[in-house]
Every structure is written in structure tokens, then in C-alpha cells.
>>> print(open('query_15.cif').read())   # mmCIF, C-alpha atoms
data_run
#
loop_
_atom_site.label_atom_id
_atom_site.label_comp_id
_atom_site.auth_asym_id
_atom_site.auth_seq_id
_atom_site.Cartn_x
_atom_site.Cartn_y
_atom_site.Cartn_z
CA MET A 1 -5.11 -3.36 24.36
CA THR A 2 -6.94 -2.68 21.07
CA ALA A 3 -6.19 -5.25 18.39
CA LEU A 4 -4.30 -4.00 15.32
CA SER A 5 -4.84 -5.18 11.76
CA ILE A 6 -3.72 -4.12 8.28
CA LEU A 7 -5.63 -3.12 5.16
CA ASP A 8 -3.16 -3.35 2.29
CA LEU A 9 -3.78 -1.63 -1.04
CA VAL A 10 -1.35 -3.93 -2.90
CA ARG A 11 0.00 -0.81 -4.58
CA VAL A 12 1.72 -0.97 -7.94
CA SER A 13 4.35 1.74 -8.02
CA GLU A 14 6.48 3.45 -10.63
CA THR A 15 9.28 0.99 -9.81
CA THR A 16 7.29 -2.14 -8.86
CA ASP A 17 5.02 -4.06 -11.24
CA ALA A 18 1.91 -6.03 -10.27
CA ARG A 19 3.91 -9.17 -9.41
CA GLY A 20 6.19 -7.11 -7.20
CA ALA A 21 3.18 -5.54 -5.48
CA LEU A 22 1.67 -8.95 -4.77
CA ASP A 23 4.95 -10.29 -3.38
CA ASN A 24 5.41 -7.16 -1.27
CA ALA A 25 1.94 -7.68 0.22
CA ARG A 26 2.82 -11.26 1.09
CA ASP A 27 6.12 -10.15 2.63
CA LEU A 28 4.38 -7.45 4.67
CA ALA A 29 1.87 -9.99 5.97
CA ALA A 30 4.67 -12.32 7.06
CA HIS A 31 6.34 -9.49 8.98
CA ALA A 32 3.02 -8.34 10.42
CA GLU A 33 2.42 -11.82 11.78
CA GLY A 34 5.60 -11.52 13.80
CA TRP A 35 4.72 -8.03 15.01
CA GLY A 36 1.39 -9.19 16.44
CA TYR A 37 -1.14 -7.89 13.92
CA ARG A 38 -4.39 -9.84 14.05
CA ARG A 39 -5.50 -9.81 10.41
CA PHE A 40 -4.41 -8.73 6.96
CA TRP A 41 -7.08 -7.64 4.51
CA VAL A 42 -7.06 -6.66 0.84
CA ALA A 43 -9.82 -4.93 -1.10
CA GLU A 44 -11.53 -5.43 -4.44
CA HIS A 45 -10.73 -2.58 -6.83
CA HIS A 46 -11.19 -2.75 -10.60
CA ASN A 47 -9.72 -0.75 -13.47
CA ALA A 48 -7.13 0.79 -11.15
CA PRO A 49 -3.62 0.40 -12.61
CA GLY A 50 -2.06 1.25 -9.25
CA ILE A 51 -3.84 -1.50 -7.28
CA ALA A 52 -3.20 -5.21 -7.89
CA SER A 53 -5.94 -6.79 -5.73
CA ALA A 54 -8.80 -7.00 -8.28
CA ALA A 55 -8.89 -10.82 -8.15
CA THR A 56 -9.26 -10.60 -4.39
CA SER A 57 -9.72 -14.28 -3.53
CA LEU A 58 -6.56 -15.17 -5.49
CA VAL A 59 -4.59 -12.45 -3.72
CA ILE A 60 -5.81 -13.77 -0.36
CA ALA A 61 -4.61 -17.26 -1.31
CA HIS A 62 -1.18 -15.89 -2.25
CA ILE A 63 -0.83 -14.05 1.06
CA ALA A 64 -2.21 -16.84 3.23
CA ALA A 65 0.22 -19.31 1.62
CA GLY A 66 3.12 -17.12 2.74
CA THR A 67 1.97 -16.83 6.37
CA LYS A 68 1.10 -19.22 9.17
CA THR A 69 -1.17 -17.70 11.80
CA ILE A 70 -2.40 -14.23 10.82
CA ARG A 71 -6.01 -14.06 9.57
CA VAL A 72 -6.27 -13.07 5.91
CA GLY A 73 -9.38 -11.70 4.28
CA SER A 74 -11.26 -9.20 2.20
CA GLY A 75 -11.84 -5.62 3.13
CA GLY A 76 -13.80 -6.17 1.13
CA ILE A 77 -15.50 -8.16 -1.58
CA MET A 78 -17.94 -5.86 -3.38
CA LEU A 79 -20.86 -8.26 -3.39
CA PRO A 80 -23.02 -6.49 -6.03
CA ASN A 81 -20.29 -7.37 -8.55
CA HIS A 82 -20.74 -11.11 -8.00
CA ALA A 83 -23.22 -13.91 -7.68
CA PRO A 84 -23.19 -14.92 -3.98
CA TYR A 85 -22.85 -18.55 -5.06
CA ILE A 86 -19.50 -17.85 -6.76
CA ILE A 87 -18.14 -15.99 -3.73
CA ALA A 88 -19.22 -18.91 -1.54
CA GLU A 89 -17.30 -21.33 -3.75
CA GLN A 90 -14.19 -19.14 -3.73
CA PHE A 91 -14.12 -18.43 -0.01
CA GLY A 92 -15.22 -21.94 0.89
CA THR A 93 -12.15 -23.14 -1.00
CA LEU A 94 -9.98 -20.67 0.91
CA ALA A 95 -11.49 -21.89 4.18
CA ARG A 96 -10.56 -25.47 3.31
CA LEU A 97 -7.03 -24.50 2.32
CA PHE A 98 -6.42 -22.27 5.36
CA PRO A 99 -8.77 -23.44 8.14
CA GLY A 100 -9.67 -20.85 10.76
CA ARG A 101 -7.71 -18.05 9.07
CA ILE A 102 -10.01 -16.52 6.42
CA ASP A 103 -12.35 -13.53 6.84
CA LEU A 104 -15.00 -12.41 4.35
CA GLY A 105 -15.72 -8.69 4.56
CA LEU A 106 -18.57 -7.54 2.32
CA GLY A 107 -19.34 -4.14 0.82
CA ARG A 108 -22.12 -2.92 -1.44
CA ALA A 109 -20.22 -0.32 -3.49
CA PRO A 110 -18.96 -1.36 -6.94
CA GLY A 111 -15.34 -0.51 -6.14
CA THR A 112 -14.91 0.98 -9.58
CA ASP A 113 -16.41 3.28 -12.23
CA GLN A 114 -19.67 2.72 -14.13
CA MET A 115 -17.90 1.73 -17.35
CA THR A 116 -16.20 -1.12 -15.47
CA VAL A 117 -19.49 -2.11 -13.82
CA ARG A 118 -20.87 -2.66 -17.33
CA ALA A 119 -17.78 -4.71 -18.22
CA LEU A 120 -18.44 -6.86 -15.13
CA ARG A 121 -21.90 -7.60 -16.60
CA ARG A 122 -23.53 -6.62 -13.33
CA SER A 123 -26.36 -4.16 -12.95
CA PRO A 124 -25.87 -1.07 -10.73
CA GLU A 125 -29.24 -1.97 -9.19
CA ASN A 126 -27.65 -5.05 -7.62
CA ALA A 127 -26.65 -2.90 -4.66
CA GLU A 128 -30.32 -2.80 -3.66
CA ASN A 129 -30.23 -6.58 -3.18
CA PHE A 130 -27.22 -6.44 -0.86
CA PRO A 131 -29.01 -7.48 2.38
CA ASN A 132 -30.63 -10.50 0.70
CA ASP A 133 -27.36 -11.41 -1.01
CA VAL A 134 -25.60 -11.44 2.37
CA LEU A 135 -28.23 -13.81 3.77
CA GLU A 136 -27.95 -16.05 0.71
CA LEU A 137 -24.18 -16.13 1.06
CA GLN A 138 -24.45 -16.92 4.76
CA ALA A 139 -26.73 -19.86 3.97
CA TYR A 140 -24.19 -21.36 1.55
CA PHE A 141 -21.61 -21.53 4.37
CA ALA A 142 -24.00 -23.30 6.74
CA PRO A 143 -23.85 -27.11 7.10
CA ALA A 144 -25.76 -28.90 4.35
CA VAL A 145 -28.93 -30.68 5.41
CA PRO A 146 -30.27 -34.00 4.12
CA GLY A 147 -32.00 -33.58 0.79
CA GLN A 148 -30.43 -30.19 0.05
CA ARG A 149 -30.14 -30.10 -3.73
CA LEU A 150 -28.08 -26.93 -4.11
CA GLN A 151 -24.76 -26.70 -2.29
CA ALA A 152 -21.82 -24.35 -2.71
CA VAL A 153 -19.03 -26.91 -2.74
CA PRO A 154 -16.75 -26.87 -0.75
CA ALA A 155 -18.26 -23.96 1.24
CA ALA A 156 -21.04 -25.87 2.99
CA GLY A 157 -20.16 -26.39 6.64
CA THR A 158 -17.26 -23.97 6.76
CA GLU A 159 -19.41 -21.31 8.50
CA MET A 160 -17.19 -18.57 7.14
CA PRO A 161 -17.15 -15.51 9.45
CA LEU A 162 -18.76 -12.57 7.64
CA TRP A 163 -18.17 -8.86 8.21
CA ILE A 164 -20.23 -5.95 6.96
CA LEU A 165 -18.18 -3.02 5.68
CA GLY A 166 -19.53 0.47 5.36
CA SER A 167 -18.96 4.20 5.17
CA SER A 168 -22.49 5.24 6.13
CA THR A 169 -25.26 4.28 8.52
CA PHE A 170 -26.73 1.77 6.04
CA GLY A 171 -24.04 -0.83 6.71
CA ALA A 172 -24.18 -0.17 10.44
CA VAL A 173 -27.91 -0.92 10.59
CA LEU A 174 -27.56 -4.05 8.46
CA ALA A 175 -24.64 -5.39 10.51
CA ALA A 176 -26.62 -4.79 13.69
CA GLU A 177 -29.73 -6.49 12.34
CA LEU A 178 -27.79 -9.57 11.23
CA GLY A 179 -25.58 -9.71 14.33
CA LEU A 180 -22.35 -9.41 12.36
CA PRO A 181 -19.12 -7.53 13.09
CA TYR A 182 -18.90 -4.10 11.48
CA ALA A 183 -15.93 -2.40 9.86
CA PHE A 184 -16.17 1.32 9.11
CA ALA A 185 -14.15 2.94 6.32
CA SER A 186 -13.00 5.96 8.31
CA HIS A 187 -9.66 5.83 6.49
CA PHE A 188 -11.28 7.56 3.48
CA ALA A 189 -14.89 8.41 4.42
CA PRO A 190 -14.88 9.51 8.06
CA ALA A 191 -17.91 11.84 8.04
CA GLN A 192 -20.47 9.40 9.48
CA LEU A 193 -18.14 7.41 11.71
CA MET A 194 -19.61 8.31 15.09
CA PRO A 195 -23.32 8.16 14.07
CA ALA A 196 -22.74 4.78 12.39
CA LEU A 197 -21.03 3.31 15.44
CA ALA A 198 -23.80 4.56 17.72
CA LEU A 199 -26.52 3.03 15.52
CA TYR A 200 -24.69 -0.28 15.26
CA ARG A 201 -24.28 -0.62 19.01
CA GLU A 202 -27.81 0.56 19.76
CA ARG A 203 -29.54 -1.83 17.34
CA PHE A 204 -27.26 -4.87 17.56
CA LYS A 205 -29.02 -8.26 17.77
CA PRO A 206 -26.95 -11.26 18.93
CA SER A 207 -26.45 -14.04 16.39
CA GLU A 208 -24.82 -17.45 16.17
CA GLN A 209 -21.66 -15.76 14.90
CA LEU A 210 -21.50 -12.89 17.38
CA ALA A 211 -22.96 -12.38 20.86
CA GLU A 212 -22.03 -8.71 21.31
CA PRO A 213 -21.24 -5.77 18.99
CA TYR A 214 -17.76 -5.79 17.52
CA VAL A 215 -16.41 -2.77 15.69
CA MET A 216 -13.30 -2.23 13.59
CA ALA A 217 -12.43 1.17 12.10
CA GLY A 218 -9.94 2.15 9.42
CA LEU A 219 -7.21 4.68 10.03
CA ASN A 220 -4.38 6.03 7.87
CA ILE A 221 -1.10 6.02 9.77
CA VAL A 222 2.38 6.80 8.48
CA ALA A 223 5.15 6.35 11.04
CA ALA A 224 8.84 7.15 10.77
CA GLU A 225 11.69 8.05 13.09
CA THR A 226 10.76 11.77 12.97
CA ASP A 227 7.60 13.75 12.33
CA ALA A 228 9.27 15.44 9.36
CA GLU A 229 10.21 12.18 7.67
CA ALA A 230 6.73 10.73 8.26
CA HIS A 231 5.10 13.77 6.67
CA ARG A 232 7.39 13.43 3.67
CA LEU A 233 6.53 9.73 3.27
CA ALA A 234 2.83 10.59 3.55
CA THR A 235 2.95 12.73 0.41
CA THR A 236 2.68 9.53 -1.65
CA GLN A 237 -0.87 9.03 -0.44
CA LEU A 238 -1.73 12.72 -0.78
CA MET A 239 -0.61 12.69 -4.42
CA SER A 240 -2.73 9.60 -5.10
CA PHE A 241 -5.82 11.36 -3.73
CA ALA A 242 -5.12 14.42 -5.87
CA ASP A 243 -4.79 12.16 -8.89
CA ILE A 244 -8.13 10.49 -8.13
CA PHE A 245 -9.82 13.90 -8.05
CA ARG A 246 -8.33 14.52 -11.50
CA GLY A 247 -9.68 11.24 -12.81
CA ALA A 248 -6.20 9.75 -13.09
CA ARG A 249 -5.84 6.52 -11.12
CA GLY A 250 -2.15 6.06 -11.76
CA LEU A 251 0.75 4.28 -10.14
CA SER A 252 2.05 5.00 -6.66
CA GLN A 253 4.61 7.79 -6.77
CA PRO A 254 7.72 8.41 -4.64
CA PRO A 255 7.37 11.03 -1.88
CA ILE A 256 8.16 14.68 -2.53
CA ASP A 257 9.45 17.45 -0.27
CA ASP A 258 6.58 19.90 -0.74
CA ILE A 259 3.06 18.63 -1.44
CA GLU A 260 1.86 22.20 -1.99
CA THR A 261 3.65 22.18 -5.34
CA TYR A 262 1.59 19.17 -6.46
CA TRP A 263 -2.04 19.87 -5.66
CA THR A 264 -4.49 22.73 -5.96
CA PRO A 265 -6.20 24.37 -2.97
CA GLN A 266 -9.43 22.60 -3.93
CA GLU A 267 -7.71 19.20 -4.10
CA LYS A 268 -6.08 19.89 -0.75
CA ALA A 269 -9.46 20.71 0.80
CA GLN A 270 -11.04 17.55 -0.60
CA ALA A 271 -8.19 15.33 0.55
CA SER A 272 -8.10 16.96 3.98
CA GLN A 273 -11.77 16.16 4.45
CA MET A 274 -11.45 12.53 3.34
CA LEU A 275 -8.25 12.01 5.33
CA SER A 276 -9.27 13.89 8.46
CA ARG A 277 -8.84 10.67 10.43
CA ARG A 278 -5.13 10.12 9.91
CA ILE A 279 -1.99 10.09 11.99
CA VAL A 280 1.42 11.02 10.62
CA GLY A 281 4.56 11.24 12.73
CA ALA A 282 7.20 9.72 14.96
CA PRO A 283 6.32 6.91 17.42
CA ASP A 284 5.20 9.25 20.22
CA THR A 285 2.89 11.09 17.82
CA VAL A 286 1.47 7.81 16.55
CA ARG A 287 0.99 6.43 20.05
CA ALA A 288 -0.91 9.50 21.21
CA GLY A 289 -3.03 9.63 18.06
CA MET A 290 -4.08 5.99 18.24
CA ALA A 291 -4.91 6.27 21.93
CA ALA A 292 -7.08 9.32 21.30
CA PHE A 293 -8.92 7.66 18.39
CA VAL A 294 -9.64 4.51 20.38
CA ALA A 295 -10.79 6.52 23.41
CA GLU A 296 -13.14 8.60 21.25
CA THR A 297 -14.66 5.69 19.30
CA GLY A 298 -14.47 2.78 21.76
CA ILE A 299 -13.61 0.45 18.87
CA ASP A 300 -12.53 -3.14 19.42
CA GLU A 301 -10.01 -3.24 16.59
CA LEU A 302 -8.06 -0.80 14.45
CA ILE A 303 -7.32 -1.60 10.81
CA ILE A 304 -4.48 0.47 9.43
CA VAL A 305 -3.55 1.73 5.99
CA SER A 306 0.07 2.88 5.69
CA ASP A 307 0.41 3.95 2.07
CA VAL A 308 4.19 4.36 1.87
CA TYR A 309 6.02 4.14 -1.46
CA ASP A 310 9.22 2.29 -0.55
CA HIS A 311 8.62 -1.25 0.67
CA ALA A 312 11.34 -1.12 3.36
CA ALA A 313 9.98 2.19 4.65
CA ARG A 314 6.45 0.75 4.69
CA LEU A 315 7.63 -2.25 6.68
CA HIS A 316 9.29 0.10 9.14
CA SER A 317 6.13 2.18 9.41
CA PHE A 318 4.05 -0.85 10.38
CA GLU A 319 6.75 -2.05 12.78
CA LEU A 320 6.77 1.33 14.54
CA ILE A 321 2.97 1.34 14.70
CA ALA A 322 2.92 -2.09 16.33
CA ALA A 323 5.57 -1.02 18.84
CA ALA A 324 3.63 2.15 19.65
CA GLN A 325 0.68 -0.01 20.72
CA GLU A 326 2.73 -2.04 23.20
#
>>> encode(input="query_15.cif", output="C-alpha cells")
Amino acid sequence: MTALSILDLVRVSETTDARGALDNARDLAAHAEGWGYRRFWVAEHHNAPGIASAATSLVIAHIAAGTKTIRVGSGGIMLPNHAPYIIAEQFGTLARLFPGRIDLGLGRAPGTDQMTVRALRRSPENAENFPNDVLELQAYFAPAVPGQRLQAVPAAGTEMPLWILGSSTFGAVLAAELGLPYAFASHFAPAQLMPALALYRERFKPSEQLAEPYVMAGLNIVAAETDAEAHRLATTQLMSFADIFRGARGLSQPPIDDIETYWTPQEKAQASQMLSRRIVGAPDTVRAGMAAFVAETGIDELIIVSDVYDHAARLHSFELIAAAQE
């Protein structure tokens, strides 16, 4: 059976502030632990009023403190925004606080707009150094050796498991070269999914962390008792995509009965392309869709986004998804 995990957007809604979003994420993770999900990841996004996970390592600590066994991590840390040494200190601390439960997924996109990149005091050219930054970060997590003058305390010796995230073949090739697990962002950028997976598996080189290729892929799923109700709940995500196209990264909005009244034909076409890998429906629909996706891709793990407005309805969506996999 394919492992299931969760990528949570820590969404701030029109009725829930940032503190509420953070507590809802922690509550979801606690429920997910009981439903058998393997890991719970949050992503680094900046200057996005509707997403509360900008300080990603702090959010991970909050969630891990409210759970017991589920792995908690980043999906991901946008490494060009940070000095690798600082990330090593942060995640080394998390590894000491929650041994054997922390994942560090790494991406090379800024996770924000260019104005915010300037505010972060990081150069856009930093993305070109991503492969070397990953190696530097990996070295900080290795055991310290006698005479080593520079250590990332308390990271040294934690051997934090790293993941490479990507939405193109670049990340696939890098993950293969370094022998690291690979997570593909097919939940919003599905175009190169199959070529990237093929390249990763073809070029994979075993490493101390990983002997064989290991792939996780993102998928949007909204589950409810009926197909009609699931499609209604899914309009929250569709509206957020339309807003992004308009340059308005606002708060999560409650579902509406007719999405056609909200977006333009062009916005619909753009969203349909980005969300072509999604499943919306009742449990039987979800079960069939997941089975088909896994059969097509051969992935080892599925990481799910269920962008539902109401917290209780979102919990129910993830519960139905887990049951559909049984």
C-alpha cells in the first residue's frame, strides 16, 4: 500500500487568524497521526497573508510538539533564501527536540515575489548555488571530526534526512546525483511529472542516506460524502488560484455554489492546467483516482493537499482519504 502524507498550507481564512491557522494545522497533524499518515509537511511562503507558515522551522516545532509519532518537516525550505549554516542550526535543534521525526525538504525557488526577495536580503542568483548549498548543509549534519573548527551546533551528528523538492527535471537530476529522495510538486506544476520521475530513476546513485530511488508526488484531493459536496468544497482552492492570477494573495474564502461566477475563462484555463492532477469526489471517486495515479507514476508515497475552508470539513476530507487507501 502506498504511504500517505500531508502537505498543509496553514491557511489563514476570512474567519480564522494566523494563530487559529497554526493551531488548526497542529490539530490536523494529531488527527492524521491516528489515521495512519506517515508525515506532515509545511512550506515556506513569504508575503502571503493567507498562509501562516513563513517561519517554517517554528511552525514545525509547534506541530511536532502536539504530536507523538508522525514525521514533521518542510515541503519545503527555500534554501536560496537562507544561509545553509542557519538552516542547519534550526533543523539540528528540531532533530534534538524531536529525535527521528523531522524531515528537511529543500527547494530552490524563492517562494515569494521579487520585492520580498530583496527584503530577505538574498540575491536571486543564489538559486544557482543550490546544489553546492545542499552539499554544505549535508556536511553540517554529519558527525563532527577531531579538529573541526566550524560546527553547526547542535546539528552535527544528527544526520538529518534531506529531500530534494522540484517541479522540473532539474531537481530530479540533482536528487538522483546525490542519492536523495525526491518529491515532485505535481499538486500545482504537473507538466513535467513523468519526465522528471523517469530521469530520477534512471540516474539515481545510491548514497549513505538512500540505497534505492524513492519518490513522493503531490496531489490535490478533496473528499466528501458525495461528489457534489466535494466539488463545492473544492471551490475554495479554485478561487485562491484565480486570485493568484490577479495578483491578489488573499485569505482563504468559504466555498461557493458556482465557481463559473467567480473566474474568467482565462483563469479557468490556467487553473485547470495547474490543477490537472487533482481528485475531487466521494470516497469511491477518491479511491479510484488515487489508485490510477499510483499505477501511472509508480510512486512510493503520496503527499496530499486538501485545501478545504472549514476545519471540520477538512478533517473529514483527510479522514475519508485515509479510509479510501485501506
>>> residues_around(input="query_15.cif", residues="A:Asp227", least_positions_apart="3", cutoff="8 Å", atoms="all atoms listed in the file", output="number ranges by chain")
A: 223-224, 230-231, 280-282, 285
>>> resolve_selection(input="query_15.cif", expression="the PyMOL selection byres ((chain A and resi 57) around 9)", output="list in words")
Ser53, Ala54, Ala55, Thr56, Leu58, Val59, Ile60, Ala61, His62, Gly73, Ser74, Ile77, Ile87, Gln90, Phe91 and Leu94 of chain A
>>> closest_residue(input="query_15.cif", among="A:Ile6, A:Trp35, A:Thr235, A:Thr93", to="A:Ala323", atoms="all atoms listed in the file")
A:Trp35
>>> atom_distance(input="query_15.cif", atom1="atom CA of A:Val72", atom2="atom CA of A:Val42")
8.2 Å
>>> resolve_selection(input="query_15.cif", expression="the PyMOL selection byres ((chain A and resi 180-193) around 7)", output="list in words")
Leu162, Trp163, Ile164, Leu165, Gly166, Ser167, Ser168, Ala172, Ala175, Ala176, Leu178, Gly179, Met194, Pro195, Ala196, Leu197, Gln209, Leu210, Pro213, Tyr214, Val215, Met216, Ala217, Gly218, Leu219, Asn220, Met274, Leu275 and Arg277 of chain A
>>> residues_around(input="query_15.cif", residues="A:Ile70", least_positions_apart="5", cutoff="6 Å", atoms="all atoms listed in the file", output="list in words")
Glu33, Arg38 and Arg39 of chain A
>>> atom_distance(input="query_15.cif", atom1="atom CA of A:Gly66", atom2="atom CA of A:Asp300")
26.8 Å
>>> residues_around(input="query_15.cif", residues="A:Arg314", least_positions_apart="5", cutoff="9 Å", atoms="only C-alpha atoms", output="list in words")
Leu28, Val222, Ala223, Ser306, Asp307, Val308, Tyr309 and Glu319 of chain A
>>> residues_around(input="query_15.cif", residues="A:Gly92", least_positions_apart="3", cutoff="6 Å", atoms="all atoms listed in the file", output="PyMOL selection string")
chain A and resi 88-89+95+154-155
>>> resolve_selection(input="query_15.cif", expression="the PyMOL selection byres ((chain A and resi 243) around 12)", output="VMD selection string")
chain A and resid 48 50 236 to 242 244 to 253 262 to 264 267 to 268 270 to 271
>>> residues_around(input="query_15.cif", residues="A:Glu225", least_positions_apart="3", cutoff="10 Å", atoms="all atoms listed in the file", output="PyMOL selection string")
chain A and resi 228-230+281-284+316-317+320
>>> closest_residue(input="query_15.cif", among="A:Arg96, A:Arg149, A:Arg122, A:Arg108", to="A:Ala83", atoms="all atoms listed in the file")
A:Arg122
